[in-house]
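Colleague: Have a look at this one before I ask anything.
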Amino acid sequence: AKLSLTLKAGSKKISLGGNYRLKRNEVVQMNLNYQVLFVNINIGTLELTPDYVMVIDRYHKRYCKATYAELPSLGQAGIDFNYLQSIFWGEAGESPTPLLEWAYDGWQTVGDGQFPGKIEFSLKSSSTAYKAIFNLSNLSTDSDWATRTTLGSGYTPMSLDSVMSLLMSVAK
C-alpha cells in the first residue's frame with residue numbers, strides 16, 4: 001500500500017509518505033519518505049520480523065536492531081512479532097497493556113478480505129508518548145519485493161530513542 005504517516009512524539013509532529021508492506025508470519029515493513037521541494041527523500045525504514053525490530057535512519061546512516069525483549073515498552077508487556085503483526089493486519093483485539101493502544105477505520109476490500117485504510121497507534125514509553133497515524137491507499141497483493149533490508153557498511157548502530165529523536169528532529 002501507499003502510506004501517508006503522521007508521527008507525533010510529545011509536542012513534535014512530522015508527516016511522511018512511503019510504502020507499507022506485509023508478508024504474513026514473515027515481515028511488516030515500512031519505507032518512509034520526506035518531501036523537500038517536490039523531491040521525495042528516503043529517510044527511514046521500519047522492519048518488524050519474528051526475530052527483531054529494526055529502525056533505520058537513512059538520512060544519518062544510523063540504525064537500531066533489537067529483539068522484542070530488549071525494547072522495554074514491548075518486552076515488559078509480553079508483546080512480540082505475532083501480536084504486532086495482528087495490529088498491522090487489522091486483526092488485533094484488546095491491548096494487553098495500557099502502554100499500547102490502536103484503533104482501525106476506513107475498511108477496504110483487498111483480495112478475499114477486509115483491511116483497514118487507517119490505523120492509529122499509540123505507544124507510551126517512560127519518557128515520551130508516541131503516536132502514529134497510518135493512512136493507507138492503493139492497497140494490493142503484490143508480492144514482488146524484498147522482505148529483508150540489507151544495510152551497507154556505512155551504517156552506525158544506535159539506541160532506539162536516538163533514532164526516534166533524529167527522525168523527529170526534522171519535525172515542525
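Note on naming: chains are A, B, ... as they come in the C-alpha cells, residues start from 1 per chain, ligands start from 1 in the order shown.
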Would you return as a PDB file with N, CA and C atoms, in the first residue's frame the members of stretch 9-168 of chain A that DSSP assigns to helix (DSSP H, G or I) on this structure's backbone?
Modeller:
ATOM      1  N   TYR A  68      12.572  -8.140  20.661  1.00  0.00           N
ATOM      2  CA  TYR A  68      11.403  -7.601  21.358  1.00  0.00           C
ATOM      3  C   TYR A  68      11.658  -7.508  22.856  1.00  0.00           C
ATOM      4  N   ALA A  69      12.384  -8.444  23.409  1.00  0.00           N
ATOM      5  CA  ALA A  69      12.699  -8.429  24.839  1.00  0.00           C
ATOM      6  C   ALA A  69      13.592  -7.243  25.210  1.00  0.00           C
ATOM      7  N   GLU A  70      14.389  -6.745  24.259  1.00  0.00           N
ATOM      8  CA  GLU A  70      15.289  -5.615  24.520  1.00  0.00           C
ATOM      9  C   GLU A  70      14.571  -4.264  24.493  1.00  0.00           C
ATOM     10  N   PRO A  72      12.004  -2.121  26.192  1.00  0.00           N
ATOM     11  CA  PRO A  72      11.299  -2.159  27.469  1.00  0.00           C
ATOM     12  C   PRO A  72       9.773  -2.032  27.361  1.00  0.00           C
ATOM     13  N   SER A  73       9.288  -1.119  26.560  1.00  0.00           N
ATOM     14  CA  SER A  73       7.838  -0.914  26.471  1.00  0.00           C
ATOM     15  C   SER A  73       7.118  -2.130  25.914  1.00  0.00           C
ATOM     16  N   LEU A  74       7.768  -2.868  25.001  1.00  0.00           N
ATOM     17  CA  LEU A  74       7.144  -4.052  24.409  1.00  0.00           C
ATOM     18  C   LEU A  74       7.475  -5.313  25.200  1.00  0.00           C
ATOM     19  N   GLY A  75       8.753  -5.497  25.505  1.00  0.00           N
ATOM     20  CA  GLY A  75       9.191  -6.704  26.193  1.00  0.00           C
ATOM     21  C   GLY A  75       8.511  -6.907  27.534  1.00  0.00           C
ATOM     22  N   PHE A  81       6.370 -10.195  17.872  1.00  0.00           N
ATOM     23  CA  PHE A  81       6.055 -10.007  16.455  1.00  0.00           C
ATOM     24  C   PHE A  81       4.628 -10.417  16.122  1.00  0.00           C
ATOM     25  N   ASN A  82       4.190 -11.578  16.611  1.00  0.00           N
ATOM     26  CA  ASN A  82       2.846 -12.058  16.268  1.00  0.00           C
ATOM     27  C   ASN A  82       1.771 -11.060  16.689  1.00  0.00           C
ATOM     28  N   TYR A  83       1.960 -10.474  17.853  1.00  0.00           N
ATOM     29  CA  TYR A  83       0.968  -9.502  18.322  1.00  0.00           C
ATOM     30  C   TYR A  83       1.000  -8.227  17.476  1.00  0.00           C
ATOM     31  N   LEU A  84       2.210  -7.723  17.210  1.00  0.00           N
ATOM     32  CA  LEU A  84       2.311  -6.520  16.378  1.00  0.00           C
ATOM     33  C   LEU A  84       1.803  -6.784  14.967  1.00  0.00           C
ATOM     34  N   GLN A  85       2.117  -7.958  14.432  1.00  0.00           N
ATOM     35  CA  GLN A  85       1.622  -8.321  13.104  1.00  0.00           C
ATOM     36  C   GLN A  85       0.097  -8.265  13.073  1.00  0.00           C
ATOM     37  N   SER A  86      -0.557  -8.764  14.118  1.00  0.00           N
ATOM     38  CA  SER A  86      -2.022  -8.741  14.144  1.00  0.00           C
ATOM     39  C   SER A  86      -2.556  -7.310  14.160  1.00  0.00           C
ATOM     40  N   ILE A  87      -1.821  -6.392  14.794  1.00  0.00           N
ATOM     41  CA  ILE A  87      -2.233  -4.978  14.781  1.00  0.00           C
ATOM     42  C   ILE A  87      -2.152  -4.438  13.356  1.00  0.00           C
ATOM     43  N   PHE A  88      -1.021  -4.662  12.678  1.00  0.00           N
ATOM     44  CA  PHE A  88      -0.833  -4.108  11.342  1.00  0.00           C
ATOM     45  C   PHE A  88      -1.685  -4.790  10.275  1.00  0.00           C
ATOM     46  N   LEU A 160      17.292   2.989  20.111  1.00  0.00           N
ATOM     47  CA  LEU A 160      16.013   3.318  19.511  1.00  0.00           C
ATOM     48  C   LEU A 160      15.602   4.754  19.831  1.00  0.00           C
ATOM     49  N   ASP A 161      15.795   5.193  21.077  1.00  0.00           N
ATOM     50  CA  ASP A 161      15.457   6.577  21.438  1.00  0.00           C
ATOM     51  C   ASP A 161      16.251   7.581  20.599  1.00  0.00           C
ATOM     52  N   SER A 162      17.520   7.265  20.323  1.00  0.00           N
ATOM     53  CA  SER A 162      18.343   8.154  19.494  1.00  0.00           C
ATOM     54  C   SER A 162      17.838   8.213  18.064  1.00  0.00           C
ATOM     55  N   VAL A 163      17.448   7.067  17.496  1.00  0.00           N
ATOM     56  CA  VAL A 163      16.917   7.046  16.137  1.00  0.00           C
ATOM     57  C   VAL A 163      15.628   7.865  16.070  1.00  0.00           C
ATOM     58  N   MET A 164      14.724   7.657  17.047  1.00  0.00           N
ATOM     59  CA  MET A 164      13.459   8.395  17.042  1.00  0.00           C
ATOM     60  C   MET A 164      13.717   9.897  17.209  1.00  0.00           C
ATOM     61  N   SER A 165      14.652  10.272  18.060  1.00  0.00           N
ATOM     62  CA  SER A 165      14.975  11.693  18.232  1.00  0.00           C
ATOM     63  C   SER A 165      15.484  12.312  16.947  1.00  0.00           C
ATOM     64  N   LEU A 166      16.354  11.599  16.249  1.00  0.00           N
ATOM     65  CA  LEU A 166      16.872  12.122  14.984  1.00  0.00           C
ATOM     66  C   LEU A 166      15.780  12.251  13.934  1.00  0.00           C
ATOM     67  N   LEU A 167      14.922  11.233  13.825  1.00  0.00           N
ATOM     68  CA  LEU A 167      13.833  11.307  12.841  1.00  0.00           C
ATOM     69  C   LEU A 167      12.902  12.460  13.176  1.00  0.00           C
ATOM     70  N   MET A 168      12.638  12.678  14.460  1.00  0.00           N
ATOM     71  CA  MET A 168      11.731  13.749  14.870  1.00  0.00           C
ATOM     72  C   MET A 168      12.399  15.113  14.785  1.00  0.00           C
TER      73      MET A 168
END
Colleague: If you take only C-alpha atoms and a cut-off of 9 Å, which residues of stretch 66-163 of chain A touch stretch 5-27 of chain A, and what are their nearest atom pairs and distances in Å to one decimal, in chain and number order, as a tab-separated table?
Modeller:
residue	atom	partner	partner_atom	distance
A:Phe81	CA	A:Asn25	CA	8.4
A:Asn82	CA	A:Asn25	CA	7.3
A:Gln85	CA	A:Asn25	CA	7.6
A:Phe88	CA	A:Leu22	CA	8.2
A:Trp89	CA	A:Leu22	CA	7.9
A:Thr128	CA	A:Gly10	CA	6.0
A:Ala129	CA	A:Gly10	CA	5.8
A:Tyr130	CA	A:Ala9	CA	4.7
A:Lys131	CA	A:Lys8	CA	5.0
A:Ala132	CA	A:Leu7	CA	4.6
A:Ile133	CA	A:Thr6	CA	5.1
A:Phe134	CA	A:Leu5	CA	4.8
A:Asn135	CA	A:Leu5	CA	6.3
A:Leu136	CA	A:Tyr20	CA	7.8
A:Ser143	CA	A:Lys23	CA	8.1
A:Trp145	CA	A:Arg21	CA	8.6
A:Thr147	CA	A:Val27	CA	6.4
A:Arg148	CA	A:Val27	CA	7.8
Colleague: Using only C-alpha atoms, can you tell me which of A:Gly90, A:Pro50, A:Pro116, A:Gly44 comes closest to A:Leu151?
Modeller: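 Closest residue, counting only C-alpha atoms: A:Gly44.
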Colleague: Quick one, how far is atom CA of A:Asp112 from atom CA of A:Glu91?
Modeller: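 Interatomic distance, atom CA of A:Asp112 to atom CA of A:Glu91: 14.6 Å.
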Colleague: Pick from A:Thr49, A:Ser140, A:Ser4, A:Ser153: nearest to A:Ile119, with only C-alpha atoms counted?
Modeller: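 So, comparing all the options, the nearest one is A:Ser4.
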Colleague: Residues of stretch 54-128 of chain A in strand (DSSP E or B) according to DSSP, as a list in words?
Modeller: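 Of stretch 54-128 of chain A, the ones in strand (DSSP E or B) are Met54, Val55, Ile56, Asp57, Arg62, Tyr63, Cys64, Lys65, Ala66, Leu100, Glu101, Trp102, Ala103, Tyr104, Asp105, Gln108, Thr109, Val110, Gly113, Gln114, Phe115, Lys118, Ile119, Glu120, Phe121, Ser122, Leu123 and Lys124 of chain A.
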Colleague: Restricted to N, CA and C atoms, what would the selected residues look like written as a tab-separated table (two decimals), in the first residue's frame?
Modeller:
chain	number	residue	atom	x	y	z
A	54	MET	N	13.76	-3.46	13.56
A	54	MET	CA	14.85	-2.63	13.06
A	54	MET	C	14.27	-1.30	12.60
A	55	VAL	N	14.87	-0.22	13.12
A	55	VAL	CA	14.53	1.13	12.71
A	55	VAL	C	15.77	1.71	12.07
A	56	ILE	N	15.63	2.18	10.83
A	56	ILE	CA	16.78	2.70	10.09
A	56	ILE	C	16.57	4.18	9.82
A	57	ASP	N	17.53	4.99	10.21
A	57	ASP	CA	17.57	6.40	9.89
A	57	ASP	C	18.50	6.53	8.68
A	62	ARG	N	22.18	5.63	10.31
A	62	ARG	CA	22.21	5.00	11.62
A	62	ARG	C	21.02	4.06	11.73
A	63	TYR	N	21.13	3.11	12.63
A	63	TYR	CA	20.04	2.16	12.79
A	63	TYR	C	20.02	1.57	14.19
A	64	CYS	N	18.87	0.99	14.54
A	64	CYS	CA	18.72	0.23	15.77
A	64	CYS	C	18.08	-1.10	15.38
A	65	LYS	N	18.71	-2.18	15.80
A	65	LYS	CA	18.16	-3.51	15.58
A	65	LYS	C	18.14	-4.19	16.94
A	66	ALA	N	16.94	-4.57	17.39
A	66	ALA	CA	16.79	-5.13	18.74
A	66	ALA	C	15.75	-6.23	18.74
A	100	LEU	N	0.06	0.55	25.21
A	100	LEU	CA	-0.10	0.35	23.78
A	100	LEU	C	-1.58	0.37	23.42
A	101	GLU	N	-1.96	1.24	22.49
A	101	GLU	CA	-3.35	1.34	22.06
A	101	GLU	C	-3.40	1.51	20.55
A	102	TRP	N	-4.50	1.09	19.92
A	102	TRP	CA	-4.69	1.26	18.49
A	102	TRP	C	-6.17	1.31	18.18
A	103	ALA	N	-6.48	1.85	17.00
A	103	ALA	CA	-7.86	1.89	16.51
A	103	ALA	C	-7.81	1.79	14.99
A	104	TYR	N	-8.86	1.19	14.41
A	104	TYR	CA	-8.96	0.99	12.96
A	104	TYR	C	-10.13	1.78	12.39
A	105	ASP	N	-9.99	2.14	11.11
A	105	ASP	CA	-11.07	2.84	10.41
A	105	ASP	C	-10.86	2.66	8.90
A	108	GLN	N	-11.34	-1.55	3.81
A	108	GLN	CA	-11.39	-1.73	2.36
A	108	GLN	C	-11.28	-3.22	2.02
A	109	THR	N	-11.86	-3.62	0.91
A	109	THR	CA	-11.73	-5.00	0.45
A	109	THR	C	-10.41	-5.15	-0.29
A	110	VAL	N	-9.63	-6.15	0.13
A	110	VAL	CA	-8.35	-6.47	-0.51
A	110	VAL	C	-8.33	-7.99	-0.66
A	113	GLY	N	-10.48	-10.47	1.63
A	113	GLY	CA	-10.76	-10.00	2.98
A	113	GLY	C	-10.86	-8.49	3.10
A	114	GLN	N	-10.99	-8.06	4.34
A	114	GLN	CA	-11.07	-6.63	4.66
A	114	GLN	C	-9.77	-6.19	5.32
A	115	PHE	N	-9.36	-4.94	5.02
A	115	PHE	CA	-8.13	-4.41	5.55
A	115	PHE	C	-8.38	-2.95	5.94
A	118	LYS	N	-7.03	2.94	7.70
A	118	LYS	CA	-6.43	3.85	8.68
A	118	LYS	C	-6.20	3.09	9.98
A	119	ILE	N	-4.99	3.25	10.51
A	119	ILE	CA	-4.63	2.66	11.79
A	119	ILE	C	-4.02	3.78	12.65
A	120	GLU	N	-4.57	3.99	13.83
A	120	GLU	CA	-3.99	4.92	14.79
A	120	GLU	C	-3.35	4.09	15.89
A	121	PHE	N	-2.10	4.36	16.17
A	121	PHE	CA	-1.29	3.54	17.06
A	121	PHE	C	-0.61	4.44	18.08
A	122	SER	N	-0.71	4.12	19.37
A	122	SER	CA	-0.07	4.91	20.43
A	122	SER	C	0.79	4.01	21.30
A	123	LEU	N	1.98	4.48	21.63
A	123	LEU	CA	2.91	3.76	22.50
A	123	LEU	C	3.46	4.75	23.51
A	124	LYS	N	3.35	4.40	24.77
A	124	LYS	CA	3.87	5.26	25.83
A	124	LYS	C	5.12	4.63	26.39
Colleague: Go through A:Leu3, A:Glu47, A:Asn40, A:Arg58 one by one, measure the shortest atom-to-atom distance of each to A:Ala146 using only C-alpha atoms, and give the residue with the smallest value.
Modeller: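 So, comparing all the options, the nearest one is A:Glu47.
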Colleague: So which one's closest to A:Leu71, A:Ser159, A:Thr97, A:Thr149, A:Thr45? Using only C-alpha atoms, please.
Modeller: A:Ser159
Colleague: Can you pull out every residue within 9 Å of A:Pro96, counting only C-alpha atoms, but drop anything in the same chain fewer than 2 positions away, and send it as a PDB file with C-alpha atoms, in the first residue's frame?
Modeller:
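Writing done, so here's around-v8.pdb:
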ATOM      1  CA  ALA A  77       4.222  -6.194  28.236  1.00  0.00           C
ATOM      2  CA  GLY A  78       4.975  -9.510  26.513  1.00  0.00           C
ATOM      3  CA  ILE A  79       4.347  -8.027  23.064  1.00  0.00           C
ATOM      4  CA  GLU A  94      -7.837  -5.577  23.060  1.00  0.00           C
ATOM      5  CA  PRO A  98      -2.272   0.462  28.794  1.00  0.00           C
ATOM      6  CA  LEU A  99       1.087   1.443  27.229  1.00  0.00           C
ATOM      7  CA  LEU A 100      -0.101   0.352  23.779  1.00  0.00           C
TER       8      LEU A 100
END
Colleague: Have a look at atom CA of A:Leu37 and atom CA of A:Tyr59 and let me know their distance in Å, one decimal.
Modeller: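 Computed distance, atom CA of A:Leu37 to atom CA of A:Tyr59, equals 16.4 Å.
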Colleague: Find the distance between atom CA of A:Asp51 and atom CA of A:Thr156 and write it in Å to one decimal.
Modeller: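 Atom-to-atom, atom CA of A:Asp51 to atom CA of A:Thr156, that is 20.2 Å.
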